[in-house]
>>> print(open('target.cif').read())   # mmCIF, C-alpha atoms
data_run
loop_
_atom_site.group_PDB
_atom_site.id
_atom_site.type_symbol
_atom_site.label_atom_id
_atom_site.label_comp_id
_atom_site.auth_asym_id
_atom_site.auth_seq_id
_atom_site.Cartn_x
_atom_site.Cartn_y
_atom_site.Cartn_z
ATOM 1 C CA MET H 1 89.749 -93.103 80.713
ATOM 2 C CA ARG H 2 90.916 -91.315 77.560
ATOM 3 C CA VAL H 3 94.170 -90.240 79.234
ATOM 4 C CA ALA H 4 94.813 -93.812 80.364
ATOM 5 C CA SER H 5 94.134 -95.156 76.863
ATOM 6 C CA TRP H 6 96.516 -92.727 75.194
ATOM 7 C CA SER H 7 99.161 -93.431 77.815
ATOM 8 C CA ALA H 8 98.888 -97.151 77.070
ATOM 9 C CA ILE H 9 99.167 -96.504 73.324
ATOM 10 C CA ALA H 10 102.251 -94.342 73.835
ATOM 11 C CA ILE H 11 103.914 -97.111 75.824
ATOM 12 C CA VAL H 12 103.010 -99.796 73.304
ATOM 13 C CA TRP H 13 104.059 -97.818 70.239
ATOM 14 C CA THR H 14 107.648 -97.468 71.385
ATOM 15 C CA GLU H 15 107.804 -101.252 71.594
ATOM 16 C CA CYS H 16 105.924 -102.346 68.482
ATOM 17 C CA SER H 17 106.866 -99.593 66.002
ATOM 18 C CA GLY H 18 110.050 -101.416 65.065
ATOM 19 C CA GLU H 19 108.259 -104.609 64.059
ATOM 20 C CA PRO H 20 108.632 -105.283 60.301
ATOM 21 C CA THR H 21 104.896 -105.853 59.701
ATOM 22 C CA VAL H 22 103.497 -103.054 61.848
ATOM 23 C CA GLU H 23 102.854 -100.780 58.851
ATOM 24 C CA ASP H 24 101.132 -103.406 56.707
ATOM 25 C CA PRO H 25 97.844 -101.888 55.510
ATOM 26 C CA ASP H 26 95.669 -104.567 57.169
ATOM 27 C CA VAL H 27 97.317 -104.413 60.600
ATOM 28 C CA VAL H 28 95.420 -103.722 63.803
ATOM 29 C CA ILE H 29 97.332 -103.509 67.083
ATOM 30 C CA ASN H 30 95.379 -104.931 69.983
ATOM 31 C CA VAL H 31 96.273 -103.349 73.324
ATOM 32 C CA TYR H 32 95.144 -105.005 76.531
ATOM 33 C CA GLU H 33 95.985 -105.377 80.200
ATOM 34 C CA ALA H 34 98.168 -108.294 81.164
ATOM 35 C CA ARG H 35 96.598 -110.889 83.428
ATOM 36 C CA SER H 36 99.548 -110.822 85.735
ATOM 37 C CA THR H 37 100.428 -109.660 89.196
ATOM 38 C CA ASP H 38 103.663 -108.218 87.859
ATOM 39 C CA PRO H 39 103.207 -104.417 87.950
ATOM 40 C CA ALA H 40 106.161 -103.963 85.610
ATOM 41 C CA GLN H 41 104.230 -105.411 82.652
ATOM 42 C CA PRO H 42 100.610 -104.188 82.964
ATOM 43 C CA ILE H 43 100.104 -103.461 79.232
ATOM 44 C CA MET H 44 100.335 -106.068 76.480
ATOM 45 C CA TRP H 45 100.005 -105.763 72.717
ATOM 46 C CA LYS H 46 99.588 -107.986 69.686
ATOM 47 C CA ILE H 47 99.852 -107.305 65.947
ATOM 48 C CA CYS H 48 96.827 -108.760 64.133
ATOM 49 C CA HIS H 49 96.257 -108.976 60.376
ATOM 50 C CA GLU H 50 92.544 -108.350 59.798
ATOM 51 C CA VAL H 51 92.471 -109.695 56.238
ATOM 52 C CA ASP H 52 88.700 -110.150 55.979
ATOM 53 C CA LEU H 53 87.935 -106.672 57.295
ATOM 54 C CA PHE H 54 90.593 -105.193 55.045
ATOM 55 C CA ASN H 55 89.065 -106.872 51.994
ATOM 56 C CA ASP H 56 85.630 -105.564 53.032
ATOM 57 C CA TYR H 57 87.177 -102.100 53.112
ATOM 58 C CA VAL H 58 88.686 -102.404 49.627
ATOM 59 C CA ASP H 59 85.344 -103.702 48.306
ATOM 60 C CA LEU H 60 83.886 -100.240 49.013
ATOM 61 C CA LEU H 61 86.437 -98.488 46.795
ATOM 62 C CA LEU H 62 86.381 -97.676 43.077
ATOM 63 C CA ARG H 63 88.962 -98.035 40.347
ATOM 64 C CA ALA H 64 90.447 -94.855 38.893
ATOM 65 C CA ASP H 65 88.645 -95.378 35.571
ATOM 66 C CA GLN H 66 85.316 -95.387 37.433
ATOM 67 C CA LEU H 67 85.836 -91.815 38.640
ATOM 68 C CA SER H 68 84.882 -88.739 36.663
ATOM 69 C CA VAL H 69 88.338 -87.167 36.804
ATOM 70 C CA LYS H 70 90.683 -86.007 34.088
ATOM 71 C CA GLN H 71 92.726 -88.905 32.769
ATOM 72 C CA PRO H 72 95.488 -89.903 32.744
ATOM 73 C CA MET H 73 96.401 -89.138 36.346
ATOM 74 C CA ASN H 74 99.416 -90.134 38.410
ATOM 75 C CA THR H 75 98.901 -92.881 40.973
ATOM 76 C CA VAL H 76 100.966 -94.015 43.945
ATOM 77 C CA ASP H 77 100.585 -97.064 46.154
ATOM 78 C CA PHE H 78 99.313 -96.264 49.644
ATOM 79 C CA ARG H 79 101.916 -98.610 51.104
ATOM 80 C CA SER H 80 104.725 -96.550 49.568
ATOM 81 C CA LEU H 81 103.740 -93.395 51.446
ATOM 82 C CA VAL H 82 105.571 -92.380 54.592
ATOM 83 C CA ARG H 83 102.740 -91.083 56.739
ATOM 84 C CA GLN H 84 103.616 -88.576 59.432
ATOM 85 C CA ASN H 85 101.313 -86.673 61.755
ATOM 86 C CA GLN H 86 97.576 -86.452 61.247
ATOM 87 C CA LEU H 87 96.356 -82.968 60.372
ATOM 88 C CA GLY H 88 93.229 -81.203 61.528
ATOM 89 C CA GLY H 89 89.875 -81.562 59.860
ATOM 90 C CA ARG H 90 87.662 -84.432 58.960
ATOM 91 C CA GLY H 91 88.715 -88.035 58.438
ATOM 92 C CA CYS H 92 92.298 -89.196 58.022
ATOM 93 C CA THR H 93 93.921 -86.101 56.509
ATOM 94 C CA THR H 94 97.625 -86.807 57.013
ATOM 95 C CA LEU H 95 100.973 -85.225 56.242
ATOM 96 C CA ALA H 96 102.976 -87.596 54.035
ATOM 97 C CA HIS H 97 105.928 -87.919 51.682
ATOM 98 C CA VAL H 98 107.427 -90.501 49.360
ATOM 99 C CA PRO H 99 110.681 -92.204 50.452
ATOM 100 C CA SER H 100 112.608 -90.934 47.427
ATOM 101 C CA ASN H 101 111.886 -87.276 48.262
ATOM 102 C CA PRO H 102 111.272 -86.668 51.973
ATOM 103 C CA GLN H 103 111.690 -82.897 51.583
ATOM 104 C CA THR H 104 108.549 -82.584 49.444
ATOM 105 C CA LYS H 105 105.515 -82.843 51.690
ATOM 106 C CA PHE H 106 102.014 -83.787 50.621
ATOM 107 C CA VAL H 107 98.621 -83.894 52.270
ATOM 108 C CA PHE H 108 96.868 -87.248 51.991
ATOM 109 C CA LYS H 109 93.081 -86.964 51.890
ATOM 110 C CA GLY H 110 90.828 -89.953 51.532
ATOM 111 C CA VAL H 111 89.489 -92.998 53.343
ATOM 112 C CA ASP H 112 92.099 -95.306 54.836
ATOM 113 C CA PHE H 113 91.642 -98.590 56.706
ATOM 114 C CA ARG H 114 91.700 -96.774 60.031
ATOM 115 C CA THR H 115 88.735 -94.647 58.951
ATOM 116 C CA PHE H 116 86.932 -97.808 57.880
ATOM 117 C CA LEU H 117 87.498 -99.442 61.276
ATOM 118 C CA PHE H 118 86.241 -96.339 63.045
ATOM 119 C CA SER H 119 82.873 -96.201 61.293
ATOM 120 C CA TYR H 120 82.058 -99.485 59.552
ATOM 121 C CA GLU H 121 79.914 -100.846 62.399
ATOM 122 C CA SER H 122 77.651 -97.788 62.304
ATOM 123 C CA GLY H 123 77.263 -98.036 58.530
ATOM 124 C CA HIS H 124 78.577 -94.490 58.054
ATOM 125 C CA ILE H 125 81.613 -95.651 56.122
ATOM 126 C CA GLN H 126 79.649 -95.893 52.862
ATOM 127 C CA GLU H 127 78.817 -92.195 53.148
ATOM 128 C CA GLU H 128 82.430 -91.325 53.946
ATOM 129 C CA VAL H 129 83.562 -93.066 50.761
ATOM 130 C CA LYS H 130 80.855 -91.376 48.676
ATOM 131 C CA ILE H 131 81.761 -87.961 50.079
ATOM 132 C CA PHE H 132 85.434 -88.447 49.248
ATOM 133 C CA TYR H 133 84.734 -89.474 45.655
ATOM 134 C CA ARG H 134 82.100 -86.783 45.137
ATOM 135 C CA SER H 135 84.329 -83.982 46.410
ATOM 136 C CA THR H 136 87.293 -85.250 44.358
ATOM 137 C CA GLU H 137 85.199 -85.318 41.185
ATOM 138 C CA LEU H 138 83.706 -81.910 41.964
ATOM 139 C CA VAL H 139 87.079 -80.188 42.320
ATOM 140 C CA CYS H 140 88.513 -82.003 39.277
ATOM 141 C CA ASN H 141 85.696 -80.755 37.049
ATOM 142 C CA LEU H 142 85.473 -77.145 38.232
ATOM 143 C CA PRO H 143 86.886 -74.452 35.934
ATOM 144 C CA PRO H 144 90.240 -73.139 37.221
ATOM 145 C CA HIS H 145 89.911 -70.274 39.683
ATOM 146 C CA PRO H 146 92.594 -68.504 41.760
ATOM 147 C CA ASN H 147 90.565 -68.869 44.965
ATOM 148 C CA ILE H 148 89.753 -72.575 44.559
ATOM 149 C CA MET H 149 92.366 -75.213 45.222
ATOM 150 C CA ALA H 150 93.669 -76.953 42.135
ATOM 151 C CA PRO H 151 92.505 -80.536 41.602
ATOM 152 C CA THR H 152 94.718 -83.372 42.694
ATOM 153 C CA GLN H 153 97.307 -84.605 40.241
ATOM 154 C CA THR H 154 97.939 -87.862 42.107
ATOM 155 C CA LEU H 155 95.537 -90.559 43.233
ATOM 156 C CA VAL H 156 96.489 -93.011 45.972
ATOM 157 C CA SER H 157 95.585 -96.654 45.399
ATOM 158 C CA ILE H 158 95.456 -99.840 47.424
ATOM 159 C CA CYS H 159 94.981 -103.532 46.588
ATOM 160 C CA LYS H 160 93.514 -106.586 48.246
ATOM 161 C CA HIS H 161 95.767 -109.404 49.346
ATOM 162 C CA GLY H 162 96.611 -111.580 46.363
ATOM 163 C CA ASP H 163 95.003 -109.126 43.935
ATOM 164 C CA ASP H 164 97.022 -106.570 41.976
ATOM 165 C CA ARG H 165 94.018 -104.487 40.860
ATOM 166 C CA PRO H 166 94.390 -100.982 42.356
ATOM 167 C CA PHE H 167 91.460 -99.165 43.955
ATOM 168 C CA VAL H 168 91.459 -95.465 44.814
ATOM 169 C CA CYS H 169 91.570 -94.780 48.554
ATOM 170 C CA GLY H 170 92.822 -91.192 48.538
ATOM 171 C CA SER H 171 94.609 -88.354 46.796
ATOM 172 C CA LEU H 172 97.645 -86.162 47.375
ATOM 173 C CA TYR H 173 97.749 -82.373 47.494
ATOM 174 C CA PRO H 174 100.744 -80.081 47.954
ATOM 175 C CA PHE H 175 101.382 -79.227 51.588
ATOM 176 C CA ILE H 176 101.088 -75.496 52.290
ATOM 177 C CA PRO H 177 102.943 -74.527 55.498
ATOM 178 C CA ASN H 178 100.736 -72.399 57.757
ATOM 179 C CA GLY H 179 97.968 -72.816 55.208
ATOM 180 C CA THR H 180 94.584 -74.472 55.095
ATOM 181 C CA LEU H 181 93.470 -77.229 52.762
ATOM 182 C CA ALA H 182 89.724 -77.654 52.732
ATOM 183 C CA ASN H 183 86.784 -78.160 50.459
ATOM 184 C CA TRP H 184 83.041 -77.919 50.778
ATOM 185 C CA GLU H 185 82.257 -81.465 51.834
ATOM 186 C CA GLN H 186 85.397 -82.338 53.752
ATOM 187 C CA SER H 187 85.396 -79.563 56.324
ATOM 188 C CA ASP H 188 83.402 -79.223 59.510
ATOM 189 C CA ALA H 189 80.346 -76.971 59.825
ATOM 190 C CA PRO H 190 81.287 -73.728 61.631
ATOM 191 C CA VAL H 191 78.715 -72.524 64.129
ATOM 192 C CA THR H 192 78.500 -69.164 62.378
ATOM 193 C CA THR H 193 76.924 -70.710 59.261
ATOM 194 C CA ALA H 194 75.439 -73.948 60.628
ATOM 195 C CA ALA H 195 71.696 -74.444 60.892
ATOM 196 C CA SER H 196 70.570 -74.925 64.474
ATOM 197 C CA GLU H 197 68.979 -78.308 63.802
ATOM 198 C CA ILE H 198 72.271 -80.093 63.047
ATOM 199 C CA ASP H 199 73.539 -79.923 66.633
ATOM 200 C CA GLY H 200 71.642 -83.072 67.593
ATOM 201 C CA THR H 201 68.821 -81.396 69.504
ATOM 202 C CA TRP H 202 66.500 -81.443 66.491
ATOM 203 C CA ASP H 203 65.744 -84.735 64.809
ATOM 204 C CA VAL H 204 63.982 -85.379 61.569
ATOM 205 C CA GLU H 205 61.449 -87.572 59.865
ATOM 206 C CA GLU H 206 60.410 -86.905 56.287
ATOM 207 C CA ILE H 207 56.709 -87.266 55.529
ATOM 208 C CA PRO H 208 56.141 -87.984 51.810
ATOM 209 C CA GLY H 209 53.699 -85.760 50.001
ATOM 210 C CA GLU H 210 52.153 -85.929 46.571
ATOM 211 C CA GLY H 211 54.562 -85.997 43.658
ATOM 212 C CA ASN H 212 58.128 -85.101 44.614
ATOM 213 C CA SER H 213 57.218 -82.793 47.477
ATOM 214 C CA GLY H 214 57.413 -83.541 51.167
ATOM 215 C CA TRP H 215 57.611 -81.859 54.522
ATOM 216 C CA ASN H 216 59.644 -82.519 57.630
ATOM 217 C CA ILE H 217 58.557 -83.264 61.181
ATOM 218 C CA TRP H 218 61.486 -82.748 63.556
ATOM 219 C CA ASN H 219 60.845 -85.504 66.072
ATOM 220 C CA VAL H 220 62.985 -88.626 65.509
ATOM 221 C CA PHE H 221 66.576 -89.092 64.437
ATOM 222 C CA LEU H 222 67.203 -90.863 61.150
ATOM 223 C CA GLU H 223 70.113 -90.891 58.786
ATOM 224 C CA TRP H 224 69.233 -87.726 56.912
ATOM 225 C CA SER H 225 71.264 -88.399 53.828
ATOM 226 C CA GLU H 226 69.563 -91.752 53.284
ATOM 227 C CA ASN H 227 65.996 -91.124 54.385
ATOM 228 C CA CYS H 228 65.556 -87.345 54.552
ATOM 229 C CA PRO H 229 67.418 -85.608 51.723
ATOM 230 C CA LYS H 230 65.037 -82.651 52.000
ATOM 231 C CA ALA H 231 66.257 -82.052 55.548
ATOM 232 C CA LEU H 232 69.846 -81.884 54.338
ATOM 233 C CA GLU H 233 68.810 -79.523 51.555
ATOM 234 C CA LEU H 234 67.249 -77.150 54.077
ATOM 235 C CA VAL H 235 70.397 -77.262 56.216
ATOM 236 C CA GLU H 236 72.443 -76.270 53.157
ATOM 237 C CA VAL H 237 69.973 -73.489 52.337
ATOM 238 C CA PHE H 238 70.487 -72.021 55.806
ATOM 239 C CA SER H 239 74.276 -72.138 55.421
ATOM 240 C CA LEU H 240 74.039 -70.501 52.004
ATOM 241 C CA GLY H 241 71.758 -67.804 53.422
ATOM 242 C CA ARG H 242 74.124 -67.025 56.285
ATOM 243 C CA SER H 243 77.072 -66.947 53.859
ATOM 244 C CA MET H 244 75.180 -64.616 51.500
ATOM 245 C CA TRP H 245 74.369 -62.311 54.416
ATOM 246 C CA MET H 246 78.063 -62.179 55.338
ATOM 247 C CA LEU H 247 79.060 -61.363 51.758
ATOM 248 C CA LEU H 248 76.413 -58.672 51.332
ATOM 249 C CA ARG H 249 76.502 -57.179 54.822
ATOM 250 C CA GLN H 250 80.314 -57.435 55.309
ATOM 251 C CA PRO H 251 80.163 -57.680 59.132
ATOM 252 C CA ASP H 252 83.255 -57.480 61.300
ATOM 253 C CA LEU H 253 84.331 -61.130 61.417
ATOM 254 C CA ASP H 254 86.296 -60.542 64.617
ATOM 255 C CA ASN H 255 82.931 -60.328 66.371
ATOM 256 C CA PHE H 256 82.361 -64.011 65.580
ATOM 257 C CA ASP H 257 85.333 -65.276 67.570
ATOM 258 C CA ASP H 258 83.265 -65.872 70.703
ATOM 259 C CA VAL H 259 80.153 -67.233 68.975
ATOM 260 C CA THR H 260 79.214 -70.626 70.441
ATOM 261 C CA CYS H 261 75.971 -71.338 68.567
ATOM 262 C CA SER H 262 74.257 -70.195 65.390
ATOM 263 C CA GLU H 263 71.487 -68.291 67.184
ATOM 264 C CA GLU H 264 74.009 -65.811 68.603
ATOM 265 C CA VAL H 265 74.596 -64.333 65.138
ATOM 266 C CA VAL H 266 72.210 -61.429 64.474
ATOM 267 C CA GLU H 267 71.539 -60.831 60.770
ATOM 268 C CA ASP H 268 71.097 -57.067 60.689
ATOM 269 C CA TRP H 269 71.505 -54.906 57.574
ATOM 270 C CA GLU H 270 73.177 -51.924 59.197
ATOM 271 C CA SER H 271 75.172 -49.814 56.719
ATOM 272 C CA ALA H 272 73.886 -51.949 53.841
ATOM 273 C CA GLU H 273 71.431 -49.491 52.302
ATOM 274 C CA ASN H 274 72.760 -50.226 48.812
ATOM 275 C CA ILE H 275 71.628 -53.867 48.967
ATOM 276 C CA PRO H 276 68.308 -54.336 47.083
ATOM 277 C CA ASP H 277 65.367 -55.214 49.301
ATOM 278 C CA HIS H 278 64.487 -58.306 47.269
ATOM 279 C CA TRP H 279 68.032 -59.616 47.851
ATOM 280 C CA LYS H 280 67.586 -59.093 51.581
ATOM 281 C CA ASN H 281 64.237 -60.882 51.411
ATOM 282 C CA VAL H 282 65.649 -63.978 49.729
ATOM 283 C CA VAL H 283 68.430 -64.134 52.320
ATOM 284 C CA HIS H 284 65.831 -63.827 55.075
ATOM 285 C CA ASN H 285 63.862 -66.681 53.496
ATOM 286 C CA CYS H 286 66.934 -68.907 53.839
ATOM 287 C CA LEU H 287 67.381 -68.189 57.534
ATOM 288 C CA HIS H 288 64.087 -69.168 59.148
ATOM 289 C CA HIS H 289 64.610 -71.047 62.398
ATOM 290 C CA ASP H 290 61.887 -73.475 61.311
ATOM 291 C CA PRO H 291 63.448 -75.390 58.394
ATOM 292 C CA ASN H 292 60.063 -75.972 56.762
ATOM 293 C CA LYS H 293 59.655 -72.225 56.215
ATOM 294 C CA ARG H 294 62.919 -71.879 54.272
ATOM 295 C CA ILE H 295 63.094 -71.404 50.538
ATOM 296 C CA GLY H 296 63.963 -74.495 48.498
ATOM 297 C CA LEU H 297 67.404 -74.848 46.958
ATOM 298 C CA ARG H 298 66.008 -74.981 43.426
ATOM 299 C CA ASP H 299 64.055 -71.756 44.003
ATOM 300 C CA LEU H 300 67.168 -70.109 45.424
ATOM 301 C CA VAL H 301 69.238 -71.040 42.372
ATOM 302 C CA THR H 302 66.448 -69.828 40.069
ATOM 303 C CA PHE H 303 66.358 -66.478 41.876
ATOM 304 C CA TRP H 304 70.080 -65.825 41.479
ATOM 305 C CA ASP H 305 70.082 -67.046 37.867
ATOM 306 C CA SER H 306 67.361 -64.500 37.174
ATOM 307 C CA GLU H 307 69.287 -61.738 38.939
ATOM 308 C CA THR H 308 72.428 -62.594 36.971
ATOM 309 C CA GLN H 309 70.519 -62.317 33.702
ATOM 310 C CA ARG H 310 68.960 -59.016 34.763
ATOM 311 C CA MET H 311 72.355 -57.527 35.576
ATOM 312 C CA SER H 312 73.862 -58.894 32.356
ATOM 313 C CA TYR H 313 71.244 -57.033 30.325
ATOM 314 C CA GLY H 314 71.550 -53.881 32.422
ATOM 315 C CA SER H 315 68.070 -54.162 33.937
ATOM 316 C CA THR H 316 67.226 -52.663 37.306
#
>>> encode(input="target.cif", output="structure tokens")
Amino acid sequence: MRVASWSAIAIVWTECSGEPTVEDPDVVINVYEARSTDPAQPIMWKICHEVDLFNDYVDLLLRADQLSVKQPMNTVDFRSLVRQNQLGGRGCTTLAHVPSNPQTKFVFKGVDFRTFLFSYESGHIQEEVKIFYRSTELVCNLPPHPNIMAPTQTLVSICKHGDDRPFVCGSLYPFIPNGTLANWEQSDAPVTTAASEIDGTWDVEEIPGEGNSGWNIWNVFLEWSENCPKALELVEVFSLGRSMWMLLRQPDLDNFDDVTCSEEVVEDWESAENIPDHWKNVVHNCLHHDPNKRIGLRDLVTFWDSETQRMSYGST
């Protein structure tokens, strides 16, 4: 079915790509089978302007002055970008350039209308928009560091029909040939650091406790970010624990090439005798298979803050 769908799209695109309105931001191309006995024309197509859906999409976006980013910042209109091939990773990350300088390539990251159409019925689009803004603000407000990508210098904006107010739908980053552009919230979860419960076999319900505490019963699927933030916290704690083990233990990463699930990684401490036992213990407390036995994120941060202070004052 997928092969047939892509074959139909390939046929249609050669015909409709020359239409003057095909790249309008609100365009959806409907592809369907012709109700005809003529085998020479089995696939039909129609350019549709989904104005109402497009306006619903723009309603989810924020203005540049509503973002916590360093101002002023350059902005370009989404419609002015020449978008080329989609790149790997999450969402609509796309190679692009501006018409006046096709030699200079950029990476567009954000939430375009296509992403909206893909996930608006499920309700996930609100989270996609929040994640984009949150990660953009995070990178823009981090202190400069040679191993962290520099914040964007250019925001990409889009407007409703008949409205000239721009709303931020993305950002541009320099394209690095043979390189990787990623950040914490926009990349997928590798199996080597992913908690086992995120693969869909464990589901979650949060049971409120007294005060701000709570505990998780892993029996029904809910939208964790909305209803079970503690579950997401414990997933992040596991990933942090596995990452800390890798940093402290320094295992041979080539051994991870064939790993297909998180449980296949064995957290041993071979040849790591110089690592303090209480560091090993806190890492172990992040990596319990049962999420409810893991250390809380606040406690983990407190532990490492304390260790940083101890080392700063020369304590042992």
>>> atom_distance(input="target.cif", atom1="CA of His49 (chain H)", atom2="CA of Pro20 (chain H)")
12.9 Å
>>> residues_around(input="target.cif", residues="Thr104 (chain H)", least_positions_apart="4", cutoff="9 Å", atoms="only C-alpha atoms", output="JSON, numbers by chain")
{"H": [96, 97, 98, 174, 175]}
>>> atom_distance(input="target.cif", atom1="CA of Glu273 (chain H)", atom2="CA of Arg294 (chain H)")
24.0 Å
>>> atom_distance(input="target.cif", atom1="CA of Val27 (chain H)", atom2="CA of Trp13 (chain H)")
13.5 Å
>>> resolve_selection(input="target.cif", expression="the PyMOL selection byres ((chain H and resi 55) around 10)", output="list in words")
Asp26, Glu50, Val51, Asp52, Leu53, Phe54, Asp56, Tyr57, Val58, Asp59, Leu60, Phe113, Cys159, Lys160 and His161 of chain H
>>> write_last_selection(input="target.cif", atoms="C-alpha atoms", output="compact mmCIF listing (two decimals), in the frame of the given file")
# COMPACT_ATOMS: atom_id res chain seq x y z
CA ASP H 26 95.67 -104.57 57.17
CA GLU H 50 92.54 -108.35 59.80
CA VAL H 51 92.47 -109.70 56.24
CA ASP H 52 88.70 -110.15 55.98
CA LEU H 53 87.94 -106.67 57.30
CA PHE H 54 90.59 -105.19 55.04
CA ASP H 56 85.63 -105.56 53.03
CA TYR H 57 87.18 -102.10 53.11
CA VAL H 58 88.69 -102.40 49.63
CA ASP H 59 85.34 -103.70 48.31
CA LEU H 60 83.89 -100.24 49.01
CA PHE H 113 91.64 -98.59 56.71
CA CYS H 159 94.98 -103.53 46.59
CA LYS H 160 93.51 -106.59 48.25
CA HIS H 161 95.77 -109.40 49.35
>>> residues_around(input="target.cif", residues="Tyr173 (chain H)", least_positions_apart="4", cutoff="9 Å", atoms="only C-alpha atoms", output="PDB file with C-alpha atoms, keeping the file's coordinate frame")
ATOM      1  CA  LYS H 105     105.515 -82.843  51.690  1.00  0.00           C
ATOM      2  CA  PHE H 106     102.014 -83.787  50.621  1.00  0.00           C
ATOM      3  CA  VAL H 107      98.621 -83.894  52.270  1.00  0.00           C
ATOM      4  CA  PHE H 108      96.868 -87.248  51.991  1.00  0.00           C
ATOM      5  CA  LYS H 109      93.081 -86.964  51.890  1.00  0.00           C
ATOM      6  CA  ALA H 150      93.669 -76.953  42.135  1.00  0.00           C
ATOM      7  CA  PRO H 151      92.505 -80.536  41.602  1.00  0.00           C
ATOM      8  CA  THR H 152      94.718 -83.372  42.694  1.00  0.00           C
ATOM      9  CA  GLN H 153      97.307 -84.605  40.241  1.00  0.00           C
ATOM     10  CA  THR H 154      97.939 -87.862  42.107  1.00  0.00           C
ATOM     11  CA  LEU H 181      93.470 -77.229  52.762  1.00  0.00           C
TER      12      LEU H 181
END
>>> resolve_selection(input="target.cif", expression="the PyMOL selection byres ((chain H and resi 11) around 12)", output="mmCIF file with C-alpha atoms, in the coordinates of the input")
data_model
loop_
_atom_site.group_PDB
_atom_site.id
_atom_site.type_symbol
_atom_site.label_atom_id
_atom_site.label_comp_id
_atom_site.auth_asym_id
_atom_site.auth_seq_id
_atom_site.Cartn_x
_atom_site.Cartn_y
_atom_site.Cartn_z
ATOM 1 C CA ALA H 4 94.813 -93.812 80.364
ATOM 2 C CA SER H 5 94.134 -95.156 76.863
ATOM 3 C CA TRP H 6 96.516 -92.727 75.194
ATOM 4 C CA SER H 7 99.161 -93.431 77.815
ATOM 5 C CA ALA H 8 98.888 -97.151 77.070
ATOM 6 C CA ILE H 9 99.167 -96.504 73.324
ATOM 7 C CA ALA H 10 102.251 -94.342 73.835
ATOM 8 C CA VAL H 12 103.010 -99.796 73.304
ATOM 9 C CA TRP H 13 104.059 -97.818 70.239
ATOM 10 C CA THR H 14 107.648 -97.468 71.385
ATOM 11 C CA GLU H 15 107.804 -101.252 71.594
ATOM 12 C CA CYS H 16 105.924 -102.346 68.482
ATOM 13 C CA SER H 17 106.866 -99.593 66.002
ATOM 14 C CA VAL H 31 96.273 -103.349 73.324
ATOM 15 C CA TYR H 32 95.144 -105.005 76.531
ATOM 16 C CA GLN H 41 104.230 -105.411 82.652
ATOM 17 C CA PRO H 42 100.610 -104.188 82.964
ATOM 18 C CA ILE H 43 100.104 -103.461 79.232
ATOM 19 C CA MET H 44 100.335 -106.068 76.480
ATOM 20 C CA TRP H 45 100.005 -105.763 72.717
#
>>> resolve_selection(input="target.cif", expression="the PyMOL selection byres ((chain H and resi 110) around 10)", output="compact mmCIF listing (two decimals) with C-alpha atoms, keeping the file's coordinate frame")
# COMPACT_ATOMS: atom_id res chain seq x y z
CA ARG H 90 87.66 -84.43 58.96
CA GLY H 91 88.72 -88.04 58.44
CA CYS H 92 92.30 -89.20 58.02
CA THR H 93 93.92 -86.10 56.51
CA THR H 94 97.62 -86.81 57.01
CA VAL H 107 98.62 -83.89 52.27
CA PHE H 108 96.87 -87.25 51.99
CA LYS H 109 93.08 -86.96 51.89
CA VAL H 111 89.49 -93.00 53.34
CA ASP H 112 92.10 -95.31 54.84
CA THR H 115 88.74 -94.65 58.95
CA GLU H 128 82.43 -91.32 53.95
CA VAL H 129 83.56 -93.07 50.76
CA ILE H 131 81.76 -87.96 50.08
CA PHE H 132 85.43 -88.45 49.25
CA TYR H 133 84.73 -89.47 45.66
CA THR H 136 87.29 -85.25 44.36
CA LEU H 155 95.54 -90.56 43.23
CA VAL H 156 96.49 -93.01 45.97
CA VAL H 168 91.46 -95.46 44.81
CA CYS H 169 91.57 -94.78 48.55
CA GLY H 170 92.82 -91.19 48.54
CA SER H 171 94.61 -88.35 46.80
CA LEU H 172 97.64 -86.16 47.38
CA GLN H 186 85.40 -82.34 53.75
>>> residues_around(input="target.cif", residues="Leu248 (chain H)", least_positions_apart="2", cutoff="8 Å", atoms="all atoms listed in the file", output="list in words")
Met244, Trp245, Met246, Gln250, Ala272 and Ile275 of chain H
>>> closest_residue(input="target.cif", among="H:Trp269, H:Val235, H:Thr308, H:Asp24", to="Lys293 (chain H)", atoms="all atoms listed in the file")
H:Val235
>>> closest_residue(input="target.cif", among="H:His145, H:His124, H:Lys230, H:Arg79", to="Pro166 (chain H)", atoms="only C-alpha atoms")
H:Arg79
>>> axis_aligned_box(input="target.cif", around="region 112-129 of chain H", padding_each_side="5 Å", output="AutoDock Vina command-line options")
--center_x 84.7 --center_y -96.1 --center_z 56.9 --size_x 24.8 --size_y 19.5 --size_z 22.3
